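Engineer: Take a look at query25.cif, mmCIF, C-alpha atoms:
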```
data_input
loop_
_atom_site.label_atom_id
_atom_site.label_comp_id
_atom_site.auth_asym_id
_atom_site.auth_seq_id
_atom_site.Cartn_x
_atom_site.Cartn_y
_atom_site.Cartn_z
CA MET A 1 -33.30 62.81 -41.50
CA ASP A 2 -31.69 62.43 -44.92
CA ARG A 3 -28.35 60.87 -45.88
CA ASN A 4 -26.34 64.08 -45.43
CA ALA A 5 -27.93 64.77 -42.04
CA PHE A 6 -27.12 61.20 -40.97
CA PHE A 7 -23.41 61.58 -41.61
CA GLU A 8 -23.37 65.05 -40.07
CA LEU A 9 -24.91 63.63 -36.88
CA VAL A 10 -22.59 60.61 -36.74
CA LEU A 11 -19.55 62.89 -37.12
CA SER A 12 -20.88 65.78 -35.01
CA ASP A 13 -18.71 65.04 -31.96
CA CYS A 14 -15.49 64.72 -33.99
CA THR A 15 -12.95 67.53 -33.76
CA SER A 16 -10.53 66.42 -36.50
CA ASN A 17 -10.42 64.61 -39.83
CA GLU A 18 -8.62 61.80 -38.02
CA GLU A 19 -11.54 61.29 -35.63
CA LYS A 20 -14.02 61.47 -38.50
CA ALA A 21 -12.14 58.78 -40.44
CA VAL A 22 -12.12 56.53 -37.37
CA LYS A 23 -15.87 57.02 -36.89
CA LEU A 24 -16.61 56.17 -40.53
CA LEU A 25 -14.44 53.05 -40.38
CA GLN A 26 -16.15 51.97 -37.16
CA LEU A 27 -19.51 52.46 -38.86
CA LEU A 28 -18.29 50.06 -41.57
CA GLY A 29 -17.61 47.47 -38.86
CA TYR A 30 -13.92 47.91 -38.08
CA PHE A 31 -13.17 47.62 -34.34
CA ILE A 32 -10.76 50.55 -34.03
CA HIS A 33 -9.70 51.45 -30.50
CA ASN A 34 -7.95 54.54 -29.18
CA VAL A 35 -5.70 54.29 -26.13
CA ASP A 36 -3.85 57.43 -25.09
CA GLY A 37 -4.11 58.82 -28.61
CA ASP A 38 -2.82 55.66 -30.29
CA TYR A 39 -5.19 53.92 -32.70
CA TYR A 40 -5.27 50.22 -33.50
CA LEU A 41 -7.50 47.51 -34.90
CA SER A 42 -8.63 45.37 -31.98
CA ASP A 43 -8.21 41.61 -32.01
CA ASN A 44 -11.98 41.35 -31.65
CA ALA A 45 -11.76 41.79 -35.44
CA LEU A 46 -10.75 39.17 -38.00
CA THR A 47 -7.37 39.01 -39.68
CA ALA A 48 -9.31 39.48 -42.91
CA ASP A 49 -10.55 42.81 -41.55
CA ALA A 50 -6.95 43.94 -41.24
CA GLU A 51 -6.40 43.11 -44.90
CA THR A 52 -9.41 45.09 -46.13
CA LEU A 53 -8.60 47.96 -43.78
CA GLU A 54 -5.10 48.14 -45.25
CA GLU A 55 -6.69 48.38 -48.67
CA LEU A 56 -8.86 51.30 -47.52
CA PHE A 57 -5.85 53.07 -46.03
CA ASN A 58 -4.04 52.76 -49.34
CA MET A 59 -7.02 53.59 -51.54
CA TYR A 60 -8.05 56.72 -49.62
CA SER A 61 -4.62 57.86 -48.37
CA LEU A 62 -5.60 57.60 -44.69
CA GLY A 63 -2.12 57.17 -43.25
CA GLU A 64 0.00 54.15 -42.33
CA THR A 65 -0.65 50.67 -40.91
CA ARG A 66 1.58 48.16 -39.16
CA ARG A 67 0.57 44.53 -38.57
CA ASN A 68 1.18 42.81 -35.23
CA ASN A 69 1.34 39.13 -34.40
CA ILE A 70 -0.83 38.46 -31.35
CA PRO A 71 -0.65 35.11 -29.53
CA ARG A 72 -4.04 33.46 -29.19
CA ILE A 73 -5.36 33.82 -25.64
CA ILE A 74 -8.33 31.99 -24.19
CA CYS A 75 -10.24 34.25 -21.80
CA GLY A 76 -11.32 33.16 -18.35
CA LYS A 77 -14.76 31.63 -17.89
CA MET A 78 -14.36 30.05 -21.34
CA GLN A 79 -15.89 33.22 -22.74
CA SER A 80 -14.26 32.91 -26.10
CA SER A 81 -11.12 32.83 -28.13
CA TYR A 82 -11.40 36.62 -28.24
CA SER A 83 -8.28 37.98 -26.62
CA PRO A 84 -8.76 40.62 -23.92
CA PRO A 85 -9.93 43.73 -25.79
CA ASP A 86 -6.69 45.66 -25.44
CA LYS A 87 -4.56 43.85 -28.01
CA SER A 88 -3.68 45.26 -31.40
CA ILE A 89 -3.58 43.19 -34.56
CA MET A 90 -2.69 46.31 -36.52
CA ASP A 91 -1.43 49.72 -35.40
CA LEU A 92 -2.90 52.70 -37.24
CA SER A 93 -1.42 56.12 -37.87
CA PHE A 94 -3.85 58.57 -39.48
CA SER A 95 -3.17 61.47 -41.82
CA VAL A 96 -6.51 62.29 -43.41
CA SER A 97 -7.64 64.97 -45.83
CA ARG A 98 -11.17 66.28 -46.11
CA ASP A 99 -11.34 64.92 -49.65
CA SER A 100 -10.58 61.42 -48.37
CA LEU A 101 -13.56 61.60 -46.00
CA TYR A 102 -15.93 62.57 -48.81
CA ARG A 103 -14.60 59.74 -50.97
CA ILE A 104 -15.16 57.17 -48.21
CA ILE A 105 -18.73 58.33 -47.73
CA ASP A 106 -19.42 58.32 -51.48
CA ASP A 107 -17.72 54.99 -52.25
CA CYS A 108 -18.20 52.83 -49.15
CA PHE A 109 -21.83 53.65 -48.35
CA LYS A 110 -23.31 53.16 -51.81
CA SER A 111 -26.86 51.87 -52.29
CA ASP A 112 -25.62 49.21 -54.74
CA ARG A 113 -23.25 47.56 -52.28
CA PHE A 114 -24.60 44.11 -51.47
CA GLY A 115 -23.30 41.97 -48.62
CA GLY A 116 -22.84 38.23 -48.69
CA GLU A 117 -22.98 37.06 -45.08
CA ALA A 118 -23.56 33.32 -44.68
CA GLY A 119 -23.39 32.14 -41.10
CA PRO A 120 -23.63 28.74 -39.42
CA ALA A 121 -26.71 26.56 -39.39
CA ALA A 122 -28.79 25.92 -36.29
CA MET A 123 -26.77 24.39 -33.45
CA GLU A 124 -27.61 21.49 -31.16
CA TRP A 125 -27.82 22.36 -27.47
CA TYR A 126 -24.89 20.11 -26.52
CA GLU A 127 -22.72 22.16 -28.88
CA PHE A 128 -24.09 25.45 -27.60
CA LEU A 129 -23.36 24.45 -24.00
CA ASN A 130 -19.66 24.12 -24.84
CA GLY A 131 -19.58 27.88 -24.44
CA LYS A 132 -17.47 28.45 -27.53
CA PRO A 133 -17.75 31.88 -29.15
CA PRO A 134 -19.52 32.43 -32.44
CA LYS A 135 -17.42 32.60 -35.55
CA LYS A 136 -16.38 36.17 -36.25
CA VAL A 137 -17.89 37.88 -39.28
CA SER A 138 -15.78 39.59 -41.92
CA VAL A 139 -16.52 43.25 -42.65
CA TYR A 140 -16.21 42.38 -46.33
CA CYS A 141 -19.41 40.29 -46.11
CA LEU A 142 -21.56 43.06 -44.62
CA GLU A 143 -23.65 45.90 -45.99
CA PRO A 144 -22.47 49.28 -44.67
CA PHE A 145 -25.44 50.53 -42.68
CA ILE A 146 -25.86 47.27 -40.72
CA ALA A 147 -22.19 46.23 -40.49
CA TYR A 148 -21.40 47.86 -37.14
CA TYR A 149 -24.46 46.30 -35.50
CA VAL A 150 -23.69 42.82 -36.85
CA LYS A 151 -20.09 43.01 -35.69
CA ALA A 152 -21.09 44.37 -32.27
CA VAL A 153 -23.78 41.79 -31.58
CA SER A 154 -21.35 39.09 -32.69
CA ALA A 155 -18.80 40.43 -30.19
CA CYS A 156 -21.53 40.05 -27.53
CA GLY A 157 -21.79 36.33 -28.31
CA VAL A 158 -24.45 35.99 -31.01
CA ALA A 159 -23.73 33.93 -34.13
CA THR A 160 -25.39 35.85 -36.96
CA CYS A 161 -26.31 34.13 -40.21
CA TYR A 162 -27.63 36.84 -42.52
CA SER A 163 -28.09 40.60 -42.58
CA CYS A 164 -29.26 43.41 -44.85
CA ASP A 165 -29.39 47.19 -44.48
CA GLY A 166 -32.17 47.54 -47.07
CA ASN A 167 -30.34 50.36 -48.81
CA HIS A 168 -31.06 49.18 -52.33
CA PRO A 169 -34.06 48.89 -54.66
CA ALA A 170 -35.07 45.48 -53.35
CA GLY A 171 -34.66 46.56 -49.73
CA GLY A 172 -36.79 48.54 -47.37
CA LYS A 173 -35.91 46.53 -44.24
CA VAL A 174 -33.03 46.35 -41.79
CA ILE A 175 -32.42 42.71 -40.86
CA CYS A 176 -29.93 40.82 -38.72
CA GLY A 177 -30.76 37.15 -38.32
CA SER A 178 -29.26 34.46 -36.13
CA ASN A 179 -29.90 30.75 -35.97
CA TYR A 180 -31.29 28.84 -32.99
CA PRO A 181 -30.41 28.83 -30.12
CA PHE A 182 -28.36 32.01 -30.60
CA SER A 183 -31.61 33.66 -31.69
CA LEU A 184 -32.86 33.42 -28.08
CA PHE A 185 -29.85 35.35 -26.83
CA HIS A 186 -30.18 37.83 -29.69
CA LYS A 187 -33.79 38.40 -28.65
CA ARG A 188 -32.65 39.21 -25.10
CA ILE A 189 -30.09 41.70 -26.38
CA TRP A 190 -32.56 43.22 -28.82
CA LEU A 191 -35.05 43.87 -26.00
CA ASP A 192 -32.39 46.01 -24.30
CA VAL A 193 -31.69 47.86 -27.53
CA CYS A 194 -35.38 48.57 -28.21
CA THR A 195 -35.88 49.90 -24.69
CA LYS A 196 -32.78 52.08 -24.73
CA PHE A 197 -33.10 53.55 -28.21
CA GLY A 198 -36.84 53.44 -28.85
CA ILE A 199 -36.66 51.05 -31.80
CA VAL A 200 -39.89 49.30 -32.74
CA GLY A 201 -39.80 45.98 -34.57
CA ASP A 202 -38.09 42.59 -34.71
CA ILE A 203 -34.55 42.71 -36.06
CA GLU A 204 -34.65 38.97 -36.87
CA ASN A 205 -37.63 39.36 -39.22
CA GLY A 206 -36.75 42.83 -40.46
CA ILE A 207 -37.66 46.37 -39.52
CA PRO A 208 -39.32 48.15 -42.45
CA PHE A 209 -38.59 51.76 -43.28
CA ASP A 210 -39.61 54.31 -45.88
CA SER A 211 -37.70 57.23 -47.38
CA ASP A 212 -38.64 59.45 -44.42
CA SER A 213 -37.56 57.05 -41.68
CA GLN A 214 -34.61 55.24 -43.32
CA TYR A 215 -31.74 57.28 -41.94
CA ASP A 216 -33.41 57.80 -38.58
CA LEU A 217 -33.44 54.01 -38.24
CA TYR A 218 -29.84 53.77 -39.45
CA TYR A 219 -28.79 56.22 -36.77
CA LYS A 220 -30.55 54.25 -34.04
CA MET A 221 -28.84 51.09 -35.28
CA TYR A 222 -25.52 52.94 -35.11
CA GLN A 223 -26.27 53.97 -31.50
CA ALA A 224 -27.26 50.40 -30.68
CA ALA A 225 -24.00 49.07 -32.13
CA GLN A 226 -21.95 51.51 -30.06
CA TYR A 227 -23.80 50.50 -26.92
CA LEU A 228 -23.46 46.76 -27.56
CA TYR A 229 -19.76 46.91 -28.35
CA GLU A 230 -19.09 48.95 -25.21
CA ASN A 231 -21.03 46.36 -23.17
CA ARG A 232 -19.83 43.23 -24.98
CA MET A 233 -18.14 41.72 -21.94
CA ARG A 234 -21.30 42.10 -19.83
CA TYR A 235 -23.35 40.28 -22.45
CA ARG A 236 -20.76 37.53 -22.85
CA GLU A 237 -20.88 36.97 -19.11
CA MET A 238 -24.69 36.99 -19.14
CA LYS A 239 -24.70 34.28 -21.77
CA TYR A 240 -22.07 32.18 -20.05
CA ASP A 241 -23.75 32.43 -16.64
CA ALA A 242 -26.97 31.15 -18.25
CA ILE A 243 -25.03 28.29 -19.88
CA LEU A 244 -23.65 27.27 -16.46
CA ILE A 245 -27.20 26.98 -15.10
CA LEU A 246 -28.22 24.87 -18.08
CA ARG A 247 -25.28 22.55 -17.47
CA ASP A 248 -26.47 22.10 -13.88
CA HIS A 249 -29.97 21.21 -15.09
CA GLN A 250 -28.45 18.81 -17.57
CA LYS A 251 -26.37 17.09 -14.87
CA GLU A 252 -29.38 16.68 -12.59
CA MET A 253 -31.40 15.00 -15.31
CA ARG A 254 -28.52 12.72 -16.24
CA LYS A 255 -28.37 11.54 -12.64
CA ASN A 256 -31.88 10.24 -13.19
CA LYS A 257 -30.88 8.83 -16.57
CA LYS A 258 -32.97 11.37 -18.43
CA LYS A 259 -32.11 13.57 -21.38
CA PRO A 260 -33.39 17.17 -21.54
CA THR A 261 -35.69 17.94 -24.43
CA ASP A 262 -35.18 20.85 -26.77
CA GLU A 263 -38.18 22.58 -25.18
CA GLN A 264 -36.69 22.18 -21.70
CA TYR A 265 -33.39 23.69 -22.80
CA LYS A 266 -35.29 26.53 -24.45
CA ASP A 267 -37.35 27.24 -21.32
CA TRP A 268 -34.32 27.08 -18.99
CA PHE A 269 -32.25 29.37 -21.18
CA SER A 270 -35.12 31.80 -21.73
CA LYS A 271 -35.80 31.98 -18.01
CA GLU A 272 -32.15 32.67 -17.15
CA LEU A 273 -32.06 35.43 -19.77
CA GLY A 274 -35.21 37.00 -18.39
CA LEU A 275 -37.32 36.14 -21.43
CA ILE A 276 -39.74 34.21 -19.20
CA GLY A 277 -41.14 35.91 -16.11
CA ASN A 278 -41.74 34.26 -12.74
CA SER A 279 -45.32 33.49 -13.83
CA GLY A 280 -43.98 31.52 -16.77
CA MET A 281 -45.17 34.13 -19.26
CA ARG A 282 -42.89 34.70 -22.22
CA LEU A 283 -41.83 38.31 -22.65
CA GLN A 284 -42.20 39.89 -26.07
#
```
If you took the structure in this file and wrote it as structure tokens, what would it be?

Structural biologist:
Amino acid sequence: MDRNAFFELVLSDCTSNEEKAVKLLQLLGYFIHNVDGDYYLSDNALTADAETLEELFNMYSLGETRRNNIPRIICGKMQSSYSPPDKSIMDLSFSVSRDSLYRIIDDCFKSDRFGGEAGPAAMEWYEFLNGKPPKKVSVYCLEPFIAYYVKAVSACGVATCYSCDGNHPAGGKVICGSNYPFSLFHKRIWLDVCTKFGIVGDIENGIPFDSDSQYDLYYKMYQAAQYLYENRMRYREMKYDAILILRDHQKEMRKNKKKPTDEQYKDWFSKELGLIGNSGMRLQ
């Protein structure tokens, strides 16, 4: 698959320029929802994403935008400060020409566009067990062919710290890294992605590609991002349920005036995520 075939496949189920524009913006990492024909930027996105999306609307004559002020809502189960995924931080009205679509593809998916994501450092387990969500990542910091995946896995509850789509002379790898202990949860999610979409490799260390396989891999990453974002609430709940078990283990040890070690936390969390089988064997 080459670059042109990639975009043709991504846009193949679209029946209008409006739908194609939405798909391209989603690929860039913008969480655009459609409810009963009305489009909006979900509050799973950052306020900064609304600002850069407004710029794209103006630059490429995509239509009109209208900002909304959404009160901050804490979800049940302490899942996050993400509001329920039906709130709009910006309403979108599309009026898109074919020329605008070509310009977005030519300008926003360039090989010389470098990201600058810099996430949090490794976290102590006592902080992780607070159950707070990872800091959201700005689209502006991300390279275009990995942006949707990074945003989607972040919405699932993984704090990413660096990423690269490899679409430049120094590239050749698709990478999305996360610091410990989020890396354990990322590994669990990545196992699902590999099984479902037939991806081979470790996203944390980088998946190499050549000129023949580059856009095939990009398309699988796009499919993975779609899947993860659609299932974000299930993964958030998976993570939080595992955290509750770890808190119970922690309480039991404190009763005996003991403090869990890092390795114990790691084993408990890995077991609850299914990364360790009943025999104690770690799953690859």

Engineer: So which one's closest to Met123 in chain A, A:Leu24, A:Ala45, A:Tyr180, A:Glu64? Using only C-alpha atoms, please.

Structural biologist: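 The answer is A:Tyr180, which sits nearest to Met123 in chain A.
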
Engineer: Evaluate the PyMOL selection byres ((chain A and resi 241-254) around 9) on the structure here and hand back the selected residues as a ChimeraX atom specification.

Structural biologist: /A:128-131,236-240,255-260,265,268-273

Engineer: Go ahead and write the residues just picked, C-alpha atoms, as an mmCIF file, in the coordinates of the input.

Structural biologist:
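Written output follows (again-v5.cif):
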```cif
data_model
loop_
_atom_site.group_PDB
_atom_site.id
_atom_site.type_symbol
_atom_site.label_atom_id
_atom_site.label_comp_id
_atom_site.auth_asym_id
_atom_site.auth_seq_id
_atom_site.Cartn_x
_atom_site.Cartn_y
_atom_site.Cartn_z
ATOM 1 C CA PHE A 128 -24.090 25.450 -27.600
ATOM 2 C CA LEU A 129 -23.360 24.450 -24.000
ATOM 3 C CA ASN A 130 -19.660 24.120 -24.840
ATOM 4 C CA GLY A 131 -19.580 27.880 -24.440
ATOM 5 C CA ARG A 236 -20.760 37.530 -22.850
ATOM 6 C CA GLU A 237 -20.880 36.970 -19.110
ATOM 7 C CA MET A 238 -24.690 36.990 -19.140
ATOM 8 C CA LYS A 239 -24.700 34.280 -21.770
ATOM 9 C CA TYR A 240 -22.070 32.180 -20.050
ATOM 10 C CA LYS A 255 -28.370 11.540 -12.640
ATOM 11 C CA ASN A 256 -31.880 10.240 -13.190
ATOM 12 C CA LYS A 257 -30.880 8.830 -16.570
ATOM 13 C CA LYS A 258 -32.970 11.370 -18.430
ATOM 14 C CA LYS A 259 -32.110 13.570 -21.380
ATOM 15 C CA PRO A 260 -33.390 17.170 -21.540
ATOM 16 C CA TYR A 265 -33.390 23.690 -22.800
ATOM 17 C CA TRP A 268 -34.320 27.080 -18.990
ATOM 18 C CA PHE A 269 -32.250 29.370 -21.180
ATOM 19 C CA SER A 270 -35.120 31.800 -21.730
ATOM 20 C CA LYS A 271 -35.800 31.980 -18.010
ATOM 21 C CA GLU A 272 -32.150 32.670 -17.150
ATOM 22 C CA LEU A 273 -32.060 35.430 -19.770
#
```

Engineer: Taking only C-alpha atoms into account, name the residue in A:Leu28, A:Lys20, A:Asp38, A:Leu217 that is nearest to Asp99 in chain A.

Structural biologist: A:Lys20

Engineer: What is the CA of Phe7 in chain A-CA of Ile199 in chain A distance in Å, reported with one decimal?

Structural biologist: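 Interatomic distance here is 19.6 Å.
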
Engineer: Rounded to one decimal place, report the CA of Val158 in chain A-CA of Glu143 in chain A distance in Å.

Structural biologist: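 Atom-to-atom, CA of Val158 in chain A to CA of Glu143 in chain A, that is 18.0 Å.
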
Engineer: Take the PyMOL selection byres ((chain A and resi 193) around 10), run it mentally on this structure, and tell me the resulting residues as a list in words.

Structural biologist: Lys187, Arg188, Ile189, Trp190, Leu191, Asp192, Cys194, Thr195, Lys196, Phe197, Gly198, Ile199, Val200, Lys220, Met221, Gln223, Ala224, Ala225, Tyr227 and Leu228 of chain A

Engineer: Report, in Å to a single decimal, how far apart CA of Thr160 in chain A and CA of Gln264 in chain A are.

Structural biologist: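 Going from CA of Gln264 in chain A over to CA of Thr160 in chain A, I get 23.4 Å.
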
Engineer: For each of A:Tyr30, A:Ser88, A:Ser154, A:Phe145, take the minimum atom-to-atom distance to Ser42 in chain A, counting only C-alpha atoms, then give the residue where this is smallest.

Structural biologist: A:Ser88

Engineer: Evaluate the PyMOL selection byres ((chain A and resi 17) around 10) here and jot the selected residues down as a PyMOL selection string.

Structural biologist: chain A and resi 11+14-16+18-23+62+94-101

Engineer: Of the candidates A:Thr47, A:Gln226, A:Ser178, A:Thr52, which shows the shortest atom-to-atom distance to Asn205 in chain A, using only C-alpha atoms?

Structural biologist: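 Counting only C-alpha atoms, the residue closest to Asn205 in chain A is A:Ser178.
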
Engineer: Measuring between only C-alpha atoms, which one of A:Ile32, A:Ile203, A:Leu184, A:Cys108 shows the shortest distance to Asp267 in chain A?

Structural biologist: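 The answer is A:Leu184, which sits nearest to Asp267 in chain A.
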
Engineer: Up to 9 Å from (-11.6, 43.7, -36.8) in the file's coordinates: name the residues, counting all atoms listed in the file, as a PyMOL selection string.

Structural biologist: chain A and resi 29-32+41-50+53+89+136-139+151

Engineer: Kindly output range 9-38 of chain A as a compact mmCIF listing (two decimals), in the frame of the given file, after building N, CA and C atoms.

Structural biologist:
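This is the output file part_36.txt:
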```
# COMPACT_ATOMS: atom_id res chain seq x y z
N LEU A 9 -24.64 63.99 -38.28
CA LEU A 9 -24.91 63.63 -36.88
C LEU A 9 -23.90 62.63 -36.35
N VAL A 10 -23.58 61.62 -37.16
CA VAL A 10 -22.59 60.61 -36.74
C VAL A 10 -21.24 61.27 -36.44
N LEU A 11 -20.87 62.26 -37.24
CA LEU A 11 -19.55 62.89 -37.12
C LEU A 11 -19.57 64.16 -36.28
N SER A 12 -20.71 64.49 -35.68
CA SER A 12 -20.88 65.78 -35.01
C SER A 12 -19.97 65.98 -33.79
N ASP A 13 -19.56 64.89 -33.14
CA ASP A 13 -18.71 65.04 -31.96
C ASP A 13 -17.22 64.92 -32.29
N CYS A 14 -16.89 64.83 -33.57
CA CYS A 14 -15.49 64.72 -33.99
C CYS A 14 -14.86 66.10 -34.13
N THR A 15 -13.63 66.23 -33.70
CA THR A 15 -12.95 67.53 -33.76
C THR A 15 -11.82 67.57 -34.78
N SER A 16 -11.61 66.47 -35.50
CA SER A 16 -10.53 66.42 -36.50
C SER A 16 -10.89 65.45 -37.60
N ASN A 17 -10.22 65.56 -38.73
CA ASN A 17 -10.42 64.61 -39.83
C ASN A 17 -10.04 63.20 -39.40
N GLU A 18 -9.04 63.10 -38.54
CA GLU A 18 -8.62 61.80 -38.02
C GLU A 18 -9.77 61.12 -37.28
N GLU A 19 -10.42 61.85 -36.39
CA GLU A 19 -11.54 61.29 -35.63
C GLU A 19 -12.71 60.93 -36.54
N LYS A 20 -12.93 61.74 -37.56
CA LYS A 20 -14.02 61.47 -38.50
C LYS A 20 -13.74 60.19 -39.29
N ALA A 21 -12.50 60.00 -39.70
CA ALA A 21 -12.14 58.78 -40.44
C ALA A 21 -12.35 57.56 -39.56
N VAL A 22 -11.94 57.64 -38.30
CA VAL A 22 -12.12 56.53 -37.37
C VAL A 22 -13.60 56.20 -37.23
N LYS A 23 -14.44 57.23 -37.07
CA LYS A 23 -15.87 57.02 -36.89
C LYS A 23 -16.49 56.36 -38.12
N LEU A 24 -16.09 56.78 -39.30
CA LEU A 24 -16.61 56.17 -40.53
C LEU A 24 -16.17 54.72 -40.66
N LEU A 25 -14.94 54.43 -40.30
CA LEU A 25 -14.44 53.05 -40.38
C LEU A 25 -15.12 52.17 -39.34
N GLN A 26 -15.40 52.72 -38.16
CA GLN A 26 -16.15 51.97 -37.16
C GLN A 26 -17.56 51.67 -37.65
N LEU A 27 -18.17 52.64 -38.30
CA LEU A 27 -19.51 52.46 -38.86
C LEU A 27 -19.52 51.33 -39.88
N LEU A 28 -18.42 51.15 -40.60
CA LEU A 28 -18.29 50.06 -41.57
C LEU A 28 -18.02 48.72 -40.91
N GLY A 29 -17.80 48.72 -39.58
CA GLY A 29 -17.61 47.47 -38.86
C GLY A 29 -16.21 47.18 -38.39
N TYR A 30 -15.29 48.12 -38.53
CA TYR A 30 -13.92 47.91 -38.08
C TYR A 30 -13.79 48.31 -36.61
N PHE A 31 -13.30 47.38 -35.79
CA PHE A 31 -13.17 47.62 -34.34
C PHE A 31 -11.88 48.39 -34.06
N ILE A 32 -11.93 49.70 -34.26
CA ILE A 32 -10.76 50.55 -34.03
C ILE A 32 -10.83 51.14 -32.63
N HIS A 33 -9.78 50.93 -31.86
CA HIS A 33 -9.70 51.45 -30.50
C HIS A 33 -8.69 52.60 -30.44
N ASN A 34 -8.87 53.41 -29.42
CA ASN A 34 -7.95 54.54 -29.18
C ASN A 34 -7.52 54.50 -27.73
N VAL A 35 -6.25 54.30 -27.49
CA VAL A 35 -5.70 54.29 -26.13
C VAL A 35 -4.59 55.33 -26.06
N ASP A 36 -4.83 56.35 -25.27
CA ASP A 36 -3.85 57.43 -25.09
C ASP A 36 -3.42 58.05 -26.42
N GLY A 37 -4.39 58.19 -27.32
CA GLY A 37 -4.11 58.82 -28.61
C GLY A 37 -3.56 57.90 -29.67
N ASP A 38 -3.33 56.63 -29.32
CA ASP A 38 -2.82 55.66 -30.29
C ASP A 38 -3.97 54.78 -30.79
```
